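See below for the structure under consideration.
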Amino acid sequence: MQVPRLELRNLTRRFGGRNVVEDVTLSVAPGQVTCLLGPSGCGKSTTLRIVAGVDRQDSGVVLVDGVPVSDGRHHTPPEARGIGLMFQDFALFPHLSVADNIAFGLTGTKADKARRVAELLERVNLLTFGEKYPHELSGGEQQRVALARALAPRPRVMLMDEPFSGLDERLRDGIRDATLDLLKEAGTAVLLVTHEPDEAMRMADEIALMRAGRVVQQGAPYNIYNNPADLAAAAFFSDVN
Ligand code: ADP
Ligand code: MG
């Protein structure tokens, strides 16, 4: 069997004696989107923060391409994990141009960086925007710059925490689809966090339904939608249209 690009084994995180993340196990293949779906407060962001390396689990292991990046003893620093991040707050650097924002995490010669930036600007349809500054861009354009920046170092894994929720609803579906296309094309394994069932249905190859820190059901979107594990899962999906 193929080694998963990203694997979470029995992750548990306690805050104040309470298991906020409890025994979470899942894996994501290259080019696959797995969605952590569940109501606010169920532990989605905490799980993502542990995978990113900005928080540490109390037990369990995170592996990238079969290699532990975080276990009880060793914790690879966030920047060395081959993981890209995208959050609701795009967090572009306001004092840097679009091109410099995208180049920020890149290494190599100036010419290498310029080539990669141009390639990404084209991929996100912002070819003429390189010299502009973030405040001159719409929310949707800023989101595309954030995506280009996250993809620039060719991460093996992309973590996305409600990345579309700050966007105008009219733009959202188009940006979701364009984002998916780029991530699929790059073969990136994606762990996407959302509390919106319709976003999960639209974007996920696999959904891990979370409640109170645990994954209560896992499977293909339509299997979960058509065959929810219990009443609470059914109720959670009932507002999908
Ligand atoms: P979600 O992203 O699903 O909305 P979170 O992972 O942000 O949920 O939070 C899960 C639970 O853990 C919440 O009850 C939250 O208050 C708690 N929590 C998160 N971070 C901390 C922290 N640093 N200290 C104490 N409690 C925390
Ligand atoms: Mg959250």
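We name chains A, B, ... following the order of the structure tokens; residues begin at 1 in each chain, and ligands are numbered from 1 as shown.
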May I have the residues within 7 Å of ligand 2, computed using only C-alpha atoms and all ligand atoms, as a VMD selection string? chain A and resid 40 to 41 44 to 45 161
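Excluding range 68-76 of chain A itself and any same-chain residue fewer than 3 positions from it, the protein and nucleic acid residues within 10 Å of it, counting only C-alpha atoms, are Leu6, Glu7, Leu8, Arg9, Leu11, Ile50, Val51, Ala52, Gly53, Arg56, Gln57, Asp58, Ser59, Gly60, Val61, Val62, Leu63, Val64, Asp65, Glu79, Ala80, Arg81 and Gly82 of chain A.
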Could the residues in this selection be saved with C-alpha atoms as a PDB file, in the first residue's frame?
```pdb
ATOM      1  CA  LEU A   6       0.114  12.852   5.926  1.00  0.00           C
ATOM      2  CA  GLU A   7      -0.797  10.617   8.805  1.00  0.00           C
ATOM      3  CA  LEU A   8      -2.187  11.425  12.252  1.00  0.00           C
ATOM      4  CA  ARG A   9      -2.006   8.531  14.709  1.00  0.00           C
ATOM      5  CA  LEU A  11      -3.471  12.373  18.505  1.00  0.00           C
ATOM      6  CA  ILE A  50      -0.432  20.282  16.215  1.00  0.00           C
ATOM      7  CA  VAL A  51       0.126  19.095  12.634  1.00  0.00           C
ATOM      8  CA  ALA A  52       1.596  22.490  11.749  1.00  0.00           C
ATOM      9  CA  GLY A  53       3.938  22.244  14.734  1.00  0.00           C
ATOM     10  CA  ARG A  56       2.254  19.875  20.715  1.00  0.00           C
ATOM     11  CA  GLN A  57       0.100  16.851  21.349  1.00  0.00           C
ATOM     12  CA  ASP A  58       0.066  15.066  24.702  1.00  0.00           C
ATOM     13  CA  SER A  59       0.205  11.745  22.871  1.00  0.00           C
ATOM     14  CA  GLY A  60       0.140  10.393  19.356  1.00  0.00           C
ATOM     15  CA  VAL A  61       2.281  10.852  16.268  1.00  0.00           C
ATOM     16  CA  VAL A  62       2.235  13.018  13.128  1.00  0.00           C
ATOM     17  CA  LEU A  63       3.981  11.567  10.063  1.00  0.00           C
ATOM     18  CA  VAL A  64       4.753  13.109   6.679  1.00  0.00           C
ATOM     19  CA  ASP A  65       5.582  10.577   3.957  1.00  0.00           C
ATOM     20  CA  GLU A  79       9.273  25.437   8.871  1.00  0.00           C
ATOM     21  CA  ALA A  80      11.040  22.103   8.306  1.00  0.00           C
ATOM     22  CA  ARG A  81       7.897  19.970   7.965  1.00  0.00           C
ATOM     23  CA  GLY A  82       7.154  20.646   4.286  1.00  0.00           C
TER      24      GLY A  82
END
```
Each chain A residue no farther than 9 Å from ligand 1, nearest pair in Å, only C-alpha atoms and all ligand atoms, as CSV:
```
residue,atom,partner,partner_atom_place_in_ligand_line,distance
A:Arg13,CA,ligand 1,12 (O),8.8
A:Arg14,CA,ligand 1,26 (N),8.2
A:Phe15,CA,ligand 1,25 (C),4.9
A:Gly16,CA,ligand 1,25 (C),6.7
A:Arg18,CA,ligand 1,12 (O),8.6
A:Asn19,CA,ligand 1,12 (O),8.3
A:Val20,CA,ligand 1,12 (O),5.0
A:Val21,CA,ligand 1,10 (C),7.4
A:Leu36,CA,ligand 1,3 (O),8.7
A:Leu37,CA,ligand 1,3 (O),8.2
A:Gly38,CA,ligand 1,3 (O),6.5
A:Pro39,CA,ligand 1,3 (O),6.1
A:Ser40,CA,ligand 1,4 (O),3.6
A:Gly41,CA,ligand 1,8 (O),3.5
A:Cys42,CA,ligand 1,3 (O),4.0
A:Gly43,CA,ligand 1,6 (O),3.3
A:Lys44,CA,ligand 1,3 (O),3.8
A:Ser45,CA,ligand 1,2 (O),3.6
A:Thr46,CA,ligand 1,6 (O),3.7
A:Thr47,CA,ligand 1,6 (O),6.4
A:Leu48,CA,ligand 1,6 (O),8.0
A:Arg49,CA,ligand 1,6 (O),8.3
A:Asp55,CA,ligand 1,23 (N),8.7
A:Asp161,CA,ligand 1,2 (O),8.0
A:Glu162,CA,ligand 1,2 (O),9.0
A:Val193,CA,ligand 1,2 (O),7.7
A:Thr194,CA,ligand 1,3 (O),8.2
A:His195,CA,ligand 1,3 (O),7.6
A:Met210,CA,ligand 1,3 (O),8.1
A:Arg211,CA,ligand 1,3 (O),8.5
A:Ala212,CA,ligand 1,10 (C),7.9
A:Gly213,CA,ligand 1,10 (C),7.2
```
Might you pull out every residue within 8 Å of Pro134 in chain A, with only C-alpha atoms counted and same-chain residues fewer than 3 positions away left off, and present them as JSON, numbers by chain? {"A": [92, 93, 94, 96, 97, 98, 137, 142]}
So that I have them on file, write out the residues from the current selection with N, CA and C atoms, as a short mmCIF file (atom, residue, chain, number, x, y, z; two decimals), in the first residue's frame.
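Once written, part.cif looks like this:
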```
data_model
loop_
_atom_site.label_atom_id
_atom_site.label_comp_id
_atom_site.auth_asym_id
_atom_site.auth_seq_id
_atom_site.Cartn_x
_atom_site.Cartn_y
_atom_site.Cartn_z
N LEU A 92 -1.29 38.49 4.85
CA LEU A 92 -0.24 38.95 3.94
C LEU A 92 0.55 40.05 4.65
N PHE A 93 1.82 40.17 4.29
CA PHE A 93 2.63 41.24 4.88
C PHE A 93 2.25 42.56 4.20
N PRO A 94 1.69 43.53 4.95
CA PRO A 94 1.15 44.73 4.33
C PRO A 94 2.21 45.61 3.68
N LEU A 96 4.89 44.56 2.15
CA LEU A 96 5.58 43.92 1.03
C LEU A 96 4.66 43.87 -0.18
N SER A 97 5.24 43.99 -1.37
CA SER A 97 4.46 43.86 -2.60
C SER A 97 3.93 42.43 -2.72
N VAL A 98 2.99 42.26 -3.62
CA VAL A 98 2.44 40.93 -3.88
C VAL A 98 3.57 39.95 -4.23
N LEU A 137 -5.77 45.35 -3.12
CA LEU A 137 -6.44 44.16 -3.66
C LEU A 137 -7.77 43.89 -2.96
N GLN A 142 -6.63 38.95 -2.53
CA GLN A 142 -5.70 38.69 -1.42
C GLN A 142 -5.66 37.19 -1.10
#
```
Of the candidates A:Ala234, A:Gln143, A:Val216, A:Pro221, which shows the shortest atom-to-atom distance to Asp23 in chain A, using only C-alpha atoms?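 Once distances to Asp23 in chain A are computed over only C-alpha atoms, the minimum belongs to A:Val216.
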Enumerate as a ChimeraX atom specification all residues of range 28-241 of chain A assigned to alpha helix (DSSP H) by DSSP on the backbone, naming them with the chain letters and numbers the document uses. /A:44-52,98-103,110-123,139-151,169-186,197-203,221-226,231-237
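In this comparison, which uses only C-alpha atoms, the residue of A:Ala29, A:Val3, A:Ala152, A:Val67 approaching Asp112 in chain A most closely is A:Ala152.
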Spatial neighbours of range 222-233 of chain A, max dist 9 Å, only C-alpha atoms, sep filter under 4 positions, as a list in words: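 With the cut-off at 9 Å, the set is Met201, Ile207, Leu209, Val216, Gln217, Gln218, Phe237 and Ser238 of chain A.
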Counting only C-alpha atoms, what is within 9 Å of range 121-132 of chain A, bar same-chain residues fewer than 3 positions away, as a compact mmCIF listing (two decimals) with C-alpha atoms, in the first residue's frame?
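Final output, saved to part-v5.txt:
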```txt
# COMPACT_ATOMS: atom_id res chain seq x y z
CA LEU A 96 5.58 43.92 1.03
CA SER A 97 4.46 43.86 -2.60
CA VAL A 98 2.44 40.93 -3.88
CA ALA A 99 5.57 39.49 -5.55
CA ASP A 100 7.61 39.85 -2.35
CA ILE A 102 4.91 35.22 -2.60
CA ARG A 116 8.68 30.88 -9.39
CA VAL A 117 6.78 34.05 -8.44
CA ALA A 118 5.86 34.74 -12.08
CA HIS A 135 -4.34 46.97 0.53
CA GLU A 136 -4.88 47.62 -3.21
CA LEU A 137 -6.44 44.16 -3.66
CA GLU A 141 -7.43 38.69 -4.81
CA ARG A 144 -5.32 34.10 -4.21
CA VAL A 145 -2.04 35.76 -3.23
CA LEU A 147 -2.66 30.64 -1.88
CA ALA A 148 0.25 31.46 -4.20
CA ALA A 178 -9.80 27.40 -8.40
CA THR A 179 -7.99 26.57 -5.16
CA LEU A 182 -4.25 24.20 -8.07
```
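What separates CA of Val28 in chain A from CA of Asp205 in chain A is a distance of 9.7 Å.
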What parts of range 21-122 of chain A does DSSP call strand (DSSP E or B)? I'd like the answer as an mmCIF file with N, CA and C atoms, in the first residue's frame.
```
data_model
loop_
_atom_site.group_PDB
_atom_site.id
_atom_site.type_symbol
_atom_site.label_atom_id
_atom_site.label_comp_id
_atom_site.auth_asym_id
_atom_site.auth_seq_id
_atom_site.Cartn_x
_atom_site.Cartn_y
_atom_site.Cartn_z
ATOM 1 N N VAL A 21 -8.686 17.325 21.965
ATOM 2 C CA VAL A 21 -8.523 16.423 20.816
ATOM 3 C C VAL A 21 -8.280 15.043 21.409
ATOM 4 N N GLU A 22 -9.031 14.046 20.941
ATOM 5 C CA GLU A 22 -8.967 12.747 21.592
ATOM 6 C C GLU A 22 -8.828 11.626 20.566
ATOM 7 N N ASP A 23 -7.663 11.034 20.542
ATOM 8 C CA ASP A 23 -7.436 9.811 19.782
ATOM 9 C C ASP A 23 -7.780 9.975 18.293
ATOM 10 N N VAL A 24 -7.363 11.093 17.711
ATOM 11 C CA VAL A 24 -7.686 11.358 16.301
ATOM 12 C C VAL A 24 -6.684 10.648 15.394
ATOM 13 N N THR A 25 -7.205 9.800 14.528
ATOM 14 C CA THR A 25 -6.393 9.041 13.584
ATOM 15 C C THR A 25 -6.958 9.249 12.186
ATOM 16 N N LEU A 26 -6.117 9.688 11.271
ATOM 17 C CA LEU A 26 -6.547 9.777 9.868
ATOM 18 C C LEU A 26 -5.324 9.903 8.979
ATOM 19 N N SER A 27 -5.536 9.647 7.683
ATOM 20 C CA SER A 27 -4.427 9.802 6.751
ATOM 21 C C SER A 27 -4.921 10.466 5.476
ATOM 22 N N VAL A 28 -3.994 11.149 4.807
ATOM 23 C CA VAL A 28 -4.319 11.871 3.582
ATOM 24 C C VAL A 28 -3.293 11.502 2.519
ATOM 25 N N VAL A 33 -8.020 15.604 -0.695
ATOM 26 C CA VAL A 33 -8.499 16.598 0.269
ATOM 27 C C VAL A 33 -9.314 15.882 1.334
ATOM 28 N N THR A 34 -8.833 15.946 2.563
ATOM 29 C CA THR A 34 -9.604 15.427 3.690
ATOM 30 C C THR A 34 -10.083 16.612 4.508
ATOM 31 N N CYS A 35 -11.359 16.568 4.838
ATOM 32 C CA CYS A 35 -11.970 17.685 5.520
ATOM 33 C C CYS A 35 -12.279 17.315 6.957
ATOM 34 N N LEU A 36 -11.753 18.109 7.893
ATOM 35 C CA LEU A 36 -12.164 17.992 9.295
ATOM 36 C C LEU A 36 -13.383 18.870 9.451
ATOM 37 N N LEU A 37 -14.534 18.238 9.634
ATOM 38 C CA LEU A 37 -15.801 18.957 9.676
ATOM 39 C C LEU A 37 -16.434 18.782 11.047
ATOM 40 N N SER A 59 -0.220 13.057 23.365
ATOM 41 C CA SER A 59 0.205 11.745 22.871
ATOM 42 C C SER A 59 -0.199 11.596 21.420
ATOM 43 N N GLY A 60 0.406 10.607 20.768
ATOM 44 C CA GLY A 60 0.140 10.393 19.356
ATOM 45 C C GLY A 60 1.297 10.875 18.498
ATOM 46 N N VAL A 61 1.187 10.593 17.200
ATOM 47 C CA VAL A 61 2.281 10.852 16.268
ATOM 48 C C VAL A 61 1.749 11.509 14.999
ATOM 49 N N VAL A 62 2.520 12.448 14.446
ATOM 50 C CA VAL A 62 2.235 13.018 13.128
ATOM 51 C C VAL A 62 3.349 12.572 12.191
ATOM 52 N N LEU A 63 2.974 12.011 11.033
ATOM 53 C CA LEU A 63 3.981 11.567 10.063
ATOM 54 C C LEU A 63 3.742 12.237 8.717
ATOM 55 N N VAL A 64 4.824 12.623 8.051
ATOM 56 C CA VAL A 64 4.753 13.109 6.679
ATOM 57 C C VAL A 64 5.574 12.154 5.823
ATOM 58 N N VAL A 67 7.429 9.504 7.723
ATOM 59 C CA VAL A 67 8.478 9.901 8.665
ATOM 60 C C VAL A 67 7.859 10.732 9.790
ATOM 61 N N PRO A 68 8.063 10.344 11.049
ATOM 62 C CA PRO A 68 7.493 11.129 12.143
ATOM 63 C C PRO A 68 8.068 12.553 12.170
ATOM 64 N N VAL A 69 7.193 13.547 12.183
ATOM 65 C CA VAL A 69 7.657 14.930 12.361
ATOM 66 C C VAL A 69 7.329 15.408 13.766
ATOM 67 N N SER A 70 6.529 14.613 14.478
ATOM 68 C CA SER A 70 6.208 14.950 15.851
ATOM 69 C C SER A 70 5.748 13.690 16.572
ATOM 70 N N HIS A 75 10.314 16.760 17.814
ATOM 71 C CA HIS A 75 9.373 17.657 17.145
ATOM 72 C C HIS A 75 10.124 18.455 16.093
ATOM 73 N N ILE A 83 5.184 21.713 5.160
ATOM 74 C CA ILE A 83 3.752 21.951 5.296
ATOM 75 C C ILE A 83 3.443 23.423 5.036
ATOM 76 N N GLY A 84 2.434 23.673 4.182
ATOM 77 C CA GLY A 84 1.971 25.028 3.917
ATOM 78 C C GLY A 84 0.710 25.320 4.705
ATOM 79 N N LEU A 85 0.483 26.578 4.997
ATOM 80 C CA LEU A 85 -0.648 26.967 5.843
ATOM 81 C C LEU A 85 -1.487 28.053 5.184
ATOM 82 N N MET A 86 -2.794 27.918 5.327
ATOM 83 C CA MET A 86 -3.704 28.995 4.916
ATOM 84 C C MET A 86 -4.816 29.140 5.933
ATOM 85 N N PHE A 87 -5.017 30.358 6.381
ATOM 86 C CA PHE A 87 -6.034 30.607 7.386
ATOM 87 C C PHE A 87 -7.028 31.646 6.889
#
```
